[in-house]
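Asks: Structure: final01.txt, compact mmCIF, C-alpha atoms.
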# COMPACT_ATOMS: atom_id res chain seq x y z
CA MET A 30 92.07 137.21 134.46
CA ALA A 31 91.89 134.10 136.66
CA GLU A 32 90.59 136.16 139.59
CA GLU A 33 87.87 137.67 137.38
CA ALA A 34 86.82 134.17 136.27
CA LEU A 35 86.62 133.01 139.89
CA ARG A 36 84.56 136.05 140.89
CA SER A 37 82.25 135.36 137.97
CA LEU A 38 81.91 131.74 139.13
CA ASP A 39 81.11 132.91 142.66
CA ARG A 40 78.23 135.00 141.32
CA MET A 41 76.70 132.06 139.49
CA THR A 42 73.54 130.51 140.89
CA LEU A 43 73.40 126.81 141.76
CA ARG A 44 71.34 126.23 138.63
CA GLU A 45 73.95 127.96 136.48
CA ARG A 46 76.75 125.96 138.11
CA ALA A 47 74.87 122.73 137.42
CA LEU A 48 74.21 123.80 133.85
CA VAL A 49 77.88 124.59 133.21
CA ALA A 50 79.05 121.34 134.80
CA LEU A 51 76.58 119.16 132.89
CA ARG A 52 77.14 120.92 129.58
CA GLU A 53 80.91 120.52 129.93
CA ALA A 54 80.51 116.84 130.83
CA ILE A 55 78.49 116.27 127.66
CA VAL A 56 80.53 118.34 125.20
CA THR A 57 83.81 116.84 126.43
CA GLY A 58 82.46 113.32 126.09
CA ARG A 59 82.36 112.35 129.77
CA TYR A 60 78.69 111.62 129.12
CA GLY A 61 78.40 109.96 125.72
CA PRO A 62 75.47 109.80 123.29
CA GLY A 63 72.68 107.68 124.75
CA ASP A 64 73.94 107.90 128.35
CA HIS A 65 71.14 108.39 130.86
CA LEU A 66 71.30 111.40 133.16
CA GLY A 67 69.86 110.43 136.52
CA GLU A 68 68.75 113.35 138.68
CA VAL A 69 69.54 111.58 141.97
CA GLU A 70 73.06 110.58 140.94
CA ILE A 71 73.90 114.02 139.48
CA ALA A 72 72.43 115.84 142.48
CA SER A 73 74.60 113.74 144.78
CA GLN A 74 77.74 114.33 142.70
CA LEU A 75 77.20 118.10 142.58
CA SER A 76 75.81 118.39 146.13
CA ILE A 77 72.70 120.22 144.95
CA SER A 78 68.96 119.49 144.95
CA ARG A 79 67.20 117.30 142.38
CA GLY A 80 65.05 120.31 141.46
CA THR A 81 68.14 122.32 140.52
CA VAL A 82 69.43 119.42 138.42
CA ARG A 83 66.02 119.12 136.76
CA GLU A 84 66.08 122.80 135.78
CA ALA A 85 69.58 122.48 134.30
CA LEU A 86 68.63 119.36 132.34
CA ARG A 87 65.53 121.10 131.01
CA HIS A 88 67.74 123.91 129.70
CA LEU A 89 70.10 121.40 128.06
CA GLN A 90 67.08 119.80 126.41
CA GLN A 91 66.26 123.18 124.87
CA GLU A 92 69.85 123.40 123.62
CA GLY A 93 69.45 120.05 121.86
CA LEU A 94 72.06 118.24 123.97
CA VAL A 95 69.56 116.17 125.95
CA THR A 96 66.45 114.25 124.92
CA PRO A 97 63.81 112.09 126.70
CA GLY A 98 64.63 108.40 126.91
CA VAL A 99 63.05 105.30 128.43
CA ARG A 100 60.40 106.04 131.08
CA GLY A 101 60.95 109.76 130.58
CA MET A 102 64.52 109.70 131.91
CA LEU A 103 66.66 112.21 130.04
CA ARG A 104 69.71 111.02 128.11
CA VAL A 105 72.46 112.58 126.01
CA ARG A 106 71.11 113.05 122.53
CA SER A 107 72.18 110.52 119.90
CA LEU A 108 71.61 111.30 116.22
CA THR A 109 71.05 108.77 113.44
CA ALA A 110 72.99 109.00 110.18
CA ASP A 111 69.94 110.57 108.50
CA GLU A 112 69.63 113.14 111.29
CA VAL A 113 73.32 114.04 110.97
CA ASP A 114 72.80 114.60 107.23
CA GLU A 115 69.72 116.76 107.90
CA LEU A 116 71.54 118.72 110.60
CA PHE A 117 74.44 119.61 108.32
CA ARG A 118 72.17 120.45 105.38
CA VAL A 119 70.29 122.97 107.53
CA ARG A 120 73.59 124.29 108.84
CA CYS A 121 74.91 124.66 105.30
CA ALA A 122 71.78 126.56 104.24
CA LEU A 123 72.19 129.02 107.12
CA GLU A 124 75.90 129.55 106.53
CA GLY A 125 75.34 129.86 102.78
CA GLN A 126 72.84 132.64 103.44
CA ALA A 127 75.37 134.27 105.76
CA VAL A 128 77.95 134.21 102.94
CA ALA A 129 75.49 135.84 100.52
CA GLU A 130 74.70 138.63 102.99
CA ILE A 131 78.37 139.21 103.82
CA VAL A 132 79.37 139.60 100.16
CA GLU A 133 76.55 142.12 99.61
CA SER A 134 77.45 144.15 102.69
CA ASP A 135 79.59 147.29 102.77
CA ARG A 136 81.56 145.79 105.68
CA LEU A 137 83.26 143.16 103.51
CA PRO A 138 86.90 144.22 104.21
CA GLN A 139 86.30 144.27 107.97
CA VAL A 140 84.49 140.93 107.90
CA VAL A 141 87.29 139.31 105.90
CA GLY A 142 89.77 140.45 108.55
CA GLU A 143 87.60 138.94 111.29
CA LEU A 144 87.32 135.65 109.41
CA HIS A 145 91.09 135.50 108.86
CA SER A 146 91.56 135.99 112.62
CA ALA A 147 89.15 133.11 113.28
CA LEU A 148 91.10 131.00 110.79
CA ASP A 149 94.38 131.78 112.56
CA LYS A 150 92.88 130.60 115.86
CA LEU A 151 91.65 127.42 114.18
CA GLU A 152 95.11 126.79 112.75
CA ALA A 153 96.66 127.35 116.19
CA ALA A 154 94.28 124.86 117.84
CA THR A 155 96.54 121.83 117.67
CA GLY A 156 95.72 120.47 121.12
CA ASP A 157 92.95 118.07 121.99
CA VAL A 158 89.81 117.59 119.93
CA SER A 159 87.72 119.76 122.28
CA GLU A 160 90.03 122.74 121.68
CA GLN A 161 89.89 122.22 117.93
CA LEU A 162 86.10 121.86 118.01
CA GLU A 163 85.73 125.15 119.90
CA ALA A 164 87.91 126.94 117.34
CA ASP A 165 85.98 125.35 114.46
CA LEU A 166 82.60 126.35 115.87
CA ALA A 167 83.93 129.83 116.64
CA PHE A 168 84.87 130.24 112.97
CA HIS A 169 81.41 129.23 111.76
CA ALA A 170 79.71 131.35 114.44
CA GLN A 171 81.81 134.32 113.26
CA LEU A 172 80.69 133.63 109.70
CA CYS A 173 77.04 133.79 110.77
CA ALA A 174 77.54 136.79 113.08
CA SER A 175 79.31 138.70 110.30
CA SER A 176 76.15 138.53 108.19
CA GLY A 177 74.58 141.04 110.57
CA ASN A 178 71.46 138.87 110.60
CA SER A 179 70.63 138.23 114.27
CA ILE A 180 67.84 135.74 113.52
CA LEU A 181 70.21 133.70 111.35
CA LEU A 182 72.82 133.63 114.13
CA ASP A 183 70.25 132.67 116.80
CA THR A 184 68.98 129.84 114.59
CA TRP A 185 72.52 128.58 114.00
CA ARG A 186 73.19 128.68 117.75
CA HIS A 187 70.37 126.17 118.28
CA LEU A 188 72.31 123.70 116.13
CA GLU A 189 75.51 123.99 118.19
CA GLY A 190 74.58 121.42 120.82
CA PRO A 191 73.72 118.61 118.38
CA ILE A 192 76.81 119.45 116.31
CA ARG A 193 79.03 119.03 119.37
CA VAL A 194 77.48 115.67 120.20
CA VAL A 195 77.92 114.41 116.64
CA VAL A 196 81.55 115.49 116.37
CA LEU A 197 82.60 114.17 119.78
CA SER A 198 80.96 110.80 119.19
CA ALA A 199 82.91 110.22 115.96
CA SER A 200 86.31 108.54 115.81
CA THR A 201 89.26 110.83 116.56
CA GLU A 202 90.65 111.10 113.02
CA ASN A 203 87.22 111.40 111.40
CA ARG A 204 86.34 114.38 113.55
CA ARG A 205 89.71 116.14 113.31
CA PHE A 206 89.97 116.14 109.51
CA PRO A 207 86.95 118.37 108.68
CA MET A 208 88.01 120.92 111.30
CA SER A 209 91.39 121.75 109.77
CA ALA A 210 92.07 125.38 108.83
CA GLY A 211 92.98 124.25 105.31
CA HIS A 212 89.40 123.16 104.66
CA HIS A 213 88.06 126.56 105.71
CA ARG A 214 90.54 128.88 104.03
CA PRO A 215 89.08 128.57 100.48
CA ILE A 216 85.72 129.77 101.88
CA VAL A 217 87.31 132.96 103.23
CA GLU A 218 89.36 133.49 100.06
CA ALA A 219 86.21 133.29 97.91
CA ILE A 220 84.38 135.71 100.21
CA GLU A 221 87.35 138.08 99.99
CA ARG A 222 87.02 138.06 96.19
CA GLY A 223 83.30 138.75 96.51
CA ASP A 224 82.58 135.37 94.91
CA ALA A 225 79.56 134.14 96.89
CA ASP A 226 78.82 131.26 94.48
CA THR A 227 82.27 129.70 94.93
CA ALA A 228 82.21 130.27 98.70
CA VAL A 229 78.84 128.53 99.01
CA ARG A 230 79.96 125.67 96.75
CA VAL A 231 83.11 125.09 98.84
CA LEU A 232 81.04 125.35 102.01
CA ARG A 233 78.60 122.74 100.72
CA GLU A 234 81.42 120.39 99.71
CA HIS A 235 82.98 120.90 103.16
CA MET A 236 79.71 119.97 104.89
CA GLN A 237 79.12 116.95 102.67
CA ALA A 238 82.63 115.63 103.35
CA ALA A 239 82.15 116.20 107.09
CA VAL A 240 78.87 114.24 107.11
CA LYS A 241 80.46 111.35 105.27
CA LEU A 242 83.32 111.17 107.77
CA LEU A 243 81.20 111.73 110.87
CA ASN A 244 78.78 108.98 109.81
CA SER A 245 81.62 106.58 109.09
CA LYS A 246 82.08 103.75 111.60
CA ASN A 247 85.79 103.44 110.88
Write the structure described by the file as structure tokens, please.
Replies:
Amino acid sequence: MAEEALRSLDRMTLRERALVALREAIVTGRYGPGDHLGEVEIASQLSISRGTVREALRHLQQEGLVTPGVRGMLRVRSLTADEVDELFRVRCALEGQAVAEIVESDRLPQVVGELHSALDKLEAATGDVSEQLEADLAFHAQLCASSGNSILLDTWRHLEGPIRVVVLSASTENRRFPMSAGHHRPIVEAIERGDADTAVRVLREHMQAAVKLLNSKN
């Protein structure tokens, strides 16, 4: 497995390597919200050209992780409290639609099994916050993917970058609490019963509680 990963890394272009390195630096918090991303400094650190760095940063801008700052210099995106609220309301609408489509589908038993597996992985993620965040996002991505609606999933994917930034910029306890498996299990249980209304209500309450904690300064 490790050898396969290394061979895959060897096949990556310089732009892809830069993209992976910069994305990891942002989503793990090494670059925090508002930090400027200087092409010259990054190019020197990664031993690549400024043009390659520029291409990678442009891609991260499309992902929503990076935004223009002073004098056009790119910086790690920082969301206001209102933007966090808007982000999670849109996310809730997408995931609520996913729930409705799952309950109406003839694949419900299979989907429930997949969601329980995602829950188990979330429960097992007791390491650092980054590990827990990946498991949390994987659960919600599985929820959207299980709808069978590719446009819905693609739209949700565009929210992933900003969600990561918001969660990682919150205090440790405030970001851990909403990601617990216990807060997600009632959603799966309602879906298993075919009760879309309850699943969506629990999902909405989950998102509202997350926003309140993530916007808290404590």
Asks: Mind checking which residues fall within 8 Å of A:Gly93, counting all atoms listed in the file, ignoring those fewer than 5 positions away in the same chain, and posting them as a list of chain:residue names?
Replies: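 Answer for this query is A:Arg106, A:His187, A:Leu188, A:Gly190, A:Pro191.
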Asks: How would the residues just chosen look if you wrote them out with C-alpha atoms as a short mmCIF file (atom, residue, chain, number, x, y, z; two decimals), in the coordinates of the input?
Replies:
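So the final result, stored in selection07.cif, reads:
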data_model
loop_
_atom_site.label_atom_id
_atom_site.label_comp_id
_atom_site.auth_asym_id
_atom_site.auth_seq_id
_atom_site.Cartn_x
_atom_site.Cartn_y
_atom_site.Cartn_z
CA ARG A 106 71.11 113.05 122.53
CA HIS A 187 70.37 126.17 118.28
CA LEU A 188 72.31 123.70 116.13
CA GLY A 190 74.58 121.42 120.82
CA PRO A 191 73.72 118.61 118.38
#
Asks: Would you kindly return, as a PyMOL selection string, each protein, DNA or RNA residue with an atom no farther than 9 Å from any atom of A:Ala228, considering all atoms listed in the file and excluding same-chain residues fewer than 3 positions away?
Replies: chain A and resi 125+128-129+215-220+223-225+231-233
Asks: Select, from A:Ala147, A:Ala85, A:Asn178, A:Gly67, the residue with the minimum atom-to-atom distance to A:Ser134, counting only C-alpha atoms.
Replies: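 Closest to A:Ser134 of all the choices is A:Asn178.
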Asks: Stretch 149-151 of chain A: which residues within 7 Å, counting all atoms listed in the file, same-chain residues fewer than 4 positions away excluded, as a PDB file with C-alpha atoms, in the frame of the given file?
Replies:
ATOM      1  CA  HIS A 145      91.090 135.500 108.860  1.00  0.00           C
ATOM      2  CA  GLN A 161      89.890 122.220 117.930  1.00  0.00           C
ATOM      3  CA  ALA A 164      87.910 126.940 117.340  1.00  0.00           C
ATOM      4  CA  ASP A 165      85.980 125.350 114.460  1.00  0.00           C
ATOM      5  CA  ALA A 210      92.070 125.380 108.830  1.00  0.00           C
TER       6      ALA A 210
END
Asks: Find the residue from A:Met208, A:Leu181, A:Val99, A:Leu94 that sits nearest to A:Ala238; use all atoms listed in the file when measuring.
Replies: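 Of all the options, A:Met208 lies closest to A:Ala238.
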Asks: Let me make sure I understand: among A:Glu160, A:Glu84, A:Glu70, A:Asp114, which one has the smallest atom-to-atom distance to A:Leu43 if we use only C-alpha atoms?
Replies: A:Glu84
Asks: Interatomic distance between atom CA of A:Arg83 and atom CA of A:Arg44?
Replies: 9.1 Å
Asks: To one decimal place in Å, what is the distance between atom CA of A:Ala199 and atom CA of A:Leu243?
Replies: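 Separating atom CA of A:Ala199 from atom CA of A:Leu243 is a distance of 5.6 Å.
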Asks: Could you tell me which of A:Val194, A:Val240, A:Ser175, A:Leu148 comes closest to A:Ser209 if we count only C-alpha atoms?
Replies: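 Under the stated criterion, the closest residue is A:Leu148.
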Asks: Rank nothing, just name the residue among A:Val229, A:Ala154, A:Ile55, A:Met102 nearest to A:Ile192, using all atoms listed in the file.
Replies: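 Smallest separation from A:Ile192 among the options: A:Ile55.
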Asks: If I take atom CA of A:Arg59 and atom CA of A:Val119, how far is one from the other in Å, to one decimal?
Replies: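 We find that atom CA of A:Arg59 and atom CA of A:Val119 lie 27.4 Å from each other.
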Asks: Would you please work out which residue, of A:Arg104, A:Ala153, A:Glu45, A:Glu92, is nearest to A:Glu68 when using only C-alpha atoms?
Replies: A:Arg104
Asks: Determine, counting all atoms listed in the file, every residue of protein, DNA or RNA that lies within 12 Å of (80.6, 134.3, 113.7) in the file coordinates, then give the result as an mmCIF file with C-alpha atoms, in the coordinates of the input.
Replies:
data_model
loop_
_atom_site.group_PDB
_atom_site.id
_atom_site.type_symbol
_atom_site.label_atom_id
_atom_site.label_comp_id
_atom_site.auth_asym_id
_atom_site.auth_seq_id
_atom_site.Cartn_x
_atom_site.Cartn_y
_atom_site.Cartn_z
ATOM 1 C CA LEU A 123 72.190 129.020 107.120
ATOM 2 C CA GLU A 124 75.900 129.550 106.530
ATOM 3 C CA ALA A 127 75.370 134.270 105.760
ATOM 4 C CA VAL A 128 77.950 134.210 102.940
ATOM 5 C CA ILE A 131 78.370 139.210 103.820
ATOM 6 C CA VAL A 140 84.490 140.930 107.900
ATOM 7 C CA VAL A 141 87.290 139.310 105.900
ATOM 8 C CA GLU A 143 87.600 138.940 111.290
ATOM 9 C CA LEU A 144 87.320 135.650 109.410
ATOM 10 C CA HIS A 145 91.090 135.500 108.860
ATOM 11 C CA SER A 146 91.560 135.990 112.620
ATOM 12 C CA ALA A 147 89.150 133.110 113.280
ATOM 13 C CA LEU A 148 91.100 131.000 110.790
ATOM 14 C CA ALA A 164 87.910 126.940 117.340
ATOM 15 C CA ASP A 165 85.980 125.350 114.460
ATOM 16 C CA LEU A 166 82.600 126.350 115.870
ATOM 17 C CA ALA A 167 83.930 129.830 116.640
ATOM 18 C CA PHE A 168 84.870 130.240 112.970
ATOM 19 C CA HIS A 169 81.410 129.230 111.760
ATOM 20 C CA ALA A 170 79.710 131.350 114.440
ATOM 21 C CA GLN A 171 81.810 134.320 113.260
ATOM 22 C CA LEU A 172 80.690 133.630 109.700
ATOM 23 C CA CYS A 173 77.040 133.790 110.770
ATOM 24 C CA ALA A 174 77.540 136.790 113.080
ATOM 25 C CA SER A 175 79.310 138.700 110.300
ATOM 26 C CA SER A 176 76.150 138.530 108.190
ATOM 27 C CA GLY A 177 74.580 141.040 110.570
ATOM 28 C CA ASN A 178 71.460 138.870 110.600
ATOM 29 C CA SER A 179 70.630 138.230 114.270
ATOM 30 C CA LEU A 181 70.210 133.700 111.350
ATOM 31 C CA LEU A 182 72.820 133.630 114.130
ATOM 32 C CA ASP A 183 70.250 132.670 116.800
ATOM 33 C CA TRP A 185 72.520 128.580 114.000
ATOM 34 C CA ARG A 186 73.190 128.680 117.750
#
Asks: Starting from the sparse input, extend stretch 90-113 of chain A to N, CA, C and O atoms and give the output as a CSV table (one decimal), in the coordinates of the input.
Replies:
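Output file out.csv follows:
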chain,number,residue,atom,x,y,z
A,90,GLN,N,68.0,120.4,127.4
A,90,GLN,CA,67.1,119.8,126.4
A,90,GLN,C,66.7,120.9,125.4
A,90,GLN,O,66.6,120.5,124.2
A,91,GLN,N,66.5,122.1,125.8
A,91,GLN,CA,66.3,123.2,124.9
A,91,GLN,C,67.4,123.4,123.9
A,91,GLN,O,67.3,123.8,122.8
A,92,GLU,N,68.6,123.2,124.4
A,92,GLU,CA,69.8,123.4,123.6
A,92,GLU,C,70.1,122.3,122.6
A,92,GLU,O,70.9,122.4,121.7
A,93,GLY,N,69.3,121.2,122.8
A,93,GLY,CA,69.4,120.0,121.9
A,93,GLY,C,70.5,119.0,122.3
A,93,GLY,O,70.8,118.1,121.5
A,94,LEU,N,71.0,119.2,123.5
A,94,LEU,CA,72.1,118.2,124.0
A,94,LEU,C,71.4,117.0,124.6
A,94,LEU,O,72.1,116.0,124.7
A,95,VAL,N,70.2,117.2,125.2
A,95,VAL,CA,69.6,116.2,126.0
A,95,VAL,C,68.2,115.9,125.4
A,95,VAL,O,67.5,116.8,124.9
A,96,THR,N,67.8,114.6,125.5
A,96,THR,CA,66.4,114.2,124.9
A,96,THR,C,65.8,113.2,125.8
A,96,THR,O,66.5,112.5,126.5
A,97,PRO,N,64.5,113.1,125.9
A,97,PRO,CA,63.8,112.1,126.7
A,97,PRO,C,64.2,110.7,126.3
A,97,PRO,O,64.2,110.4,125.1
A,98,GLY,N,64.4,109.8,127.2
A,98,GLY,CA,64.6,108.4,126.9
A,98,GLY,C,63.6,107.5,127.5
A,98,GLY,O,62.4,107.9,127.6
A,99,VAL,N,64.0,106.3,127.9
A,99,VAL,CA,63.0,105.3,128.4
A,99,VAL,C,62.4,105.8,129.7
A,99,VAL,O,63.1,106.4,130.6
A,100,ARG,N,61.1,105.6,129.9
A,100,ARG,CA,60.4,106.0,131.1
A,100,ARG,C,60.6,107.5,131.4
A,100,ARG,O,60.5,107.9,132.6
A,101,GLY,N,60.8,108.3,130.4
A,101,GLY,CA,61.0,109.8,130.6
A,101,GLY,C,62.3,110.2,131.1
A,101,GLY,O,62.5,111.4,131.2
A,102,MET,N,63.2,109.3,131.4
A,102,MET,CA,64.5,109.7,131.9
A,102,MET,C,65.3,110.4,130.8
A,102,MET,O,65.3,109.8,129.7
A,103,LEU,N,65.9,111.5,131.1
A,103,LEU,CA,66.7,112.2,130.0
A,103,LEU,C,68.0,111.5,129.8
A,103,LEU,O,68.6,110.9,130.6
A,104,ARG,N,68.4,111.6,128.5
A,104,ARG,CA,69.7,111.0,128.1
A,104,ARG,C,70.4,112.0,127.1
A,104,ARG,O,69.8,112.8,126.5
A,105,VAL,N,71.7,111.8,127.0
A,105,VAL,CA,72.5,112.6,126.0
A,105,VAL,C,72.0,112.2,124.6
A,105,VAL,O,71.8,111.1,124.3
A,106,ARG,N,71.7,113.3,123.9
A,106,ARG,CA,71.1,113.0,122.5
A,106,ARG,C,72.0,112.2,121.6
A,106,ARG,O,73.3,112.4,121.6
A,107,SER,N,71.5,111.3,120.9
A,107,SER,CA,72.2,110.5,119.9
A,107,SER,C,71.5,110.7,118.6
A,107,SER,O,70.3,110.4,118.5
A,108,LEU,N,72.2,111.1,117.5
A,108,LEU,CA,71.6,111.3,116.2
A,108,LEU,C,71.9,110.1,115.3
A,108,LEU,O,73.0,109.6,115.3
A,109,THR,N,70.9,109.8,114.5
A,109,THR,CA,71.0,108.8,113.4
A,109,THR,C,71.8,109.4,112.3
A,109,THR,O,72.0,110.6,112.2
A,110,ALA,N,72.3,108.5,111.4
A,110,ALA,CA,73.0,109.0,110.2
A,110,ALA,C,72.1,110.0,109.4
A,110,ALA,O,72.6,111.0,108.9
A,111,ASP,N,70.8,109.7,109.2
A,111,ASP,CA,69.9,110.6,108.5
A,111,ASP,C,69.8,111.9,109.2
A,111,ASP,O,69.8,113.0,108.5
A,112,GLU,N,69.7,111.9,110.5
A,112,GLU,CA,69.6,113.1,111.3
A,112,GLU,C,70.9,114.0,111.2
A,112,GLU,O,70.8,115.2,111.1
A,113,VAL,N,72.1,113.3,111.1
A,113,VAL,CA,73.3,114.0,111.0
A,113,VAL,C,73.3,114.7,109.6
A,113,VAL,O,73.7,115.9,109.5
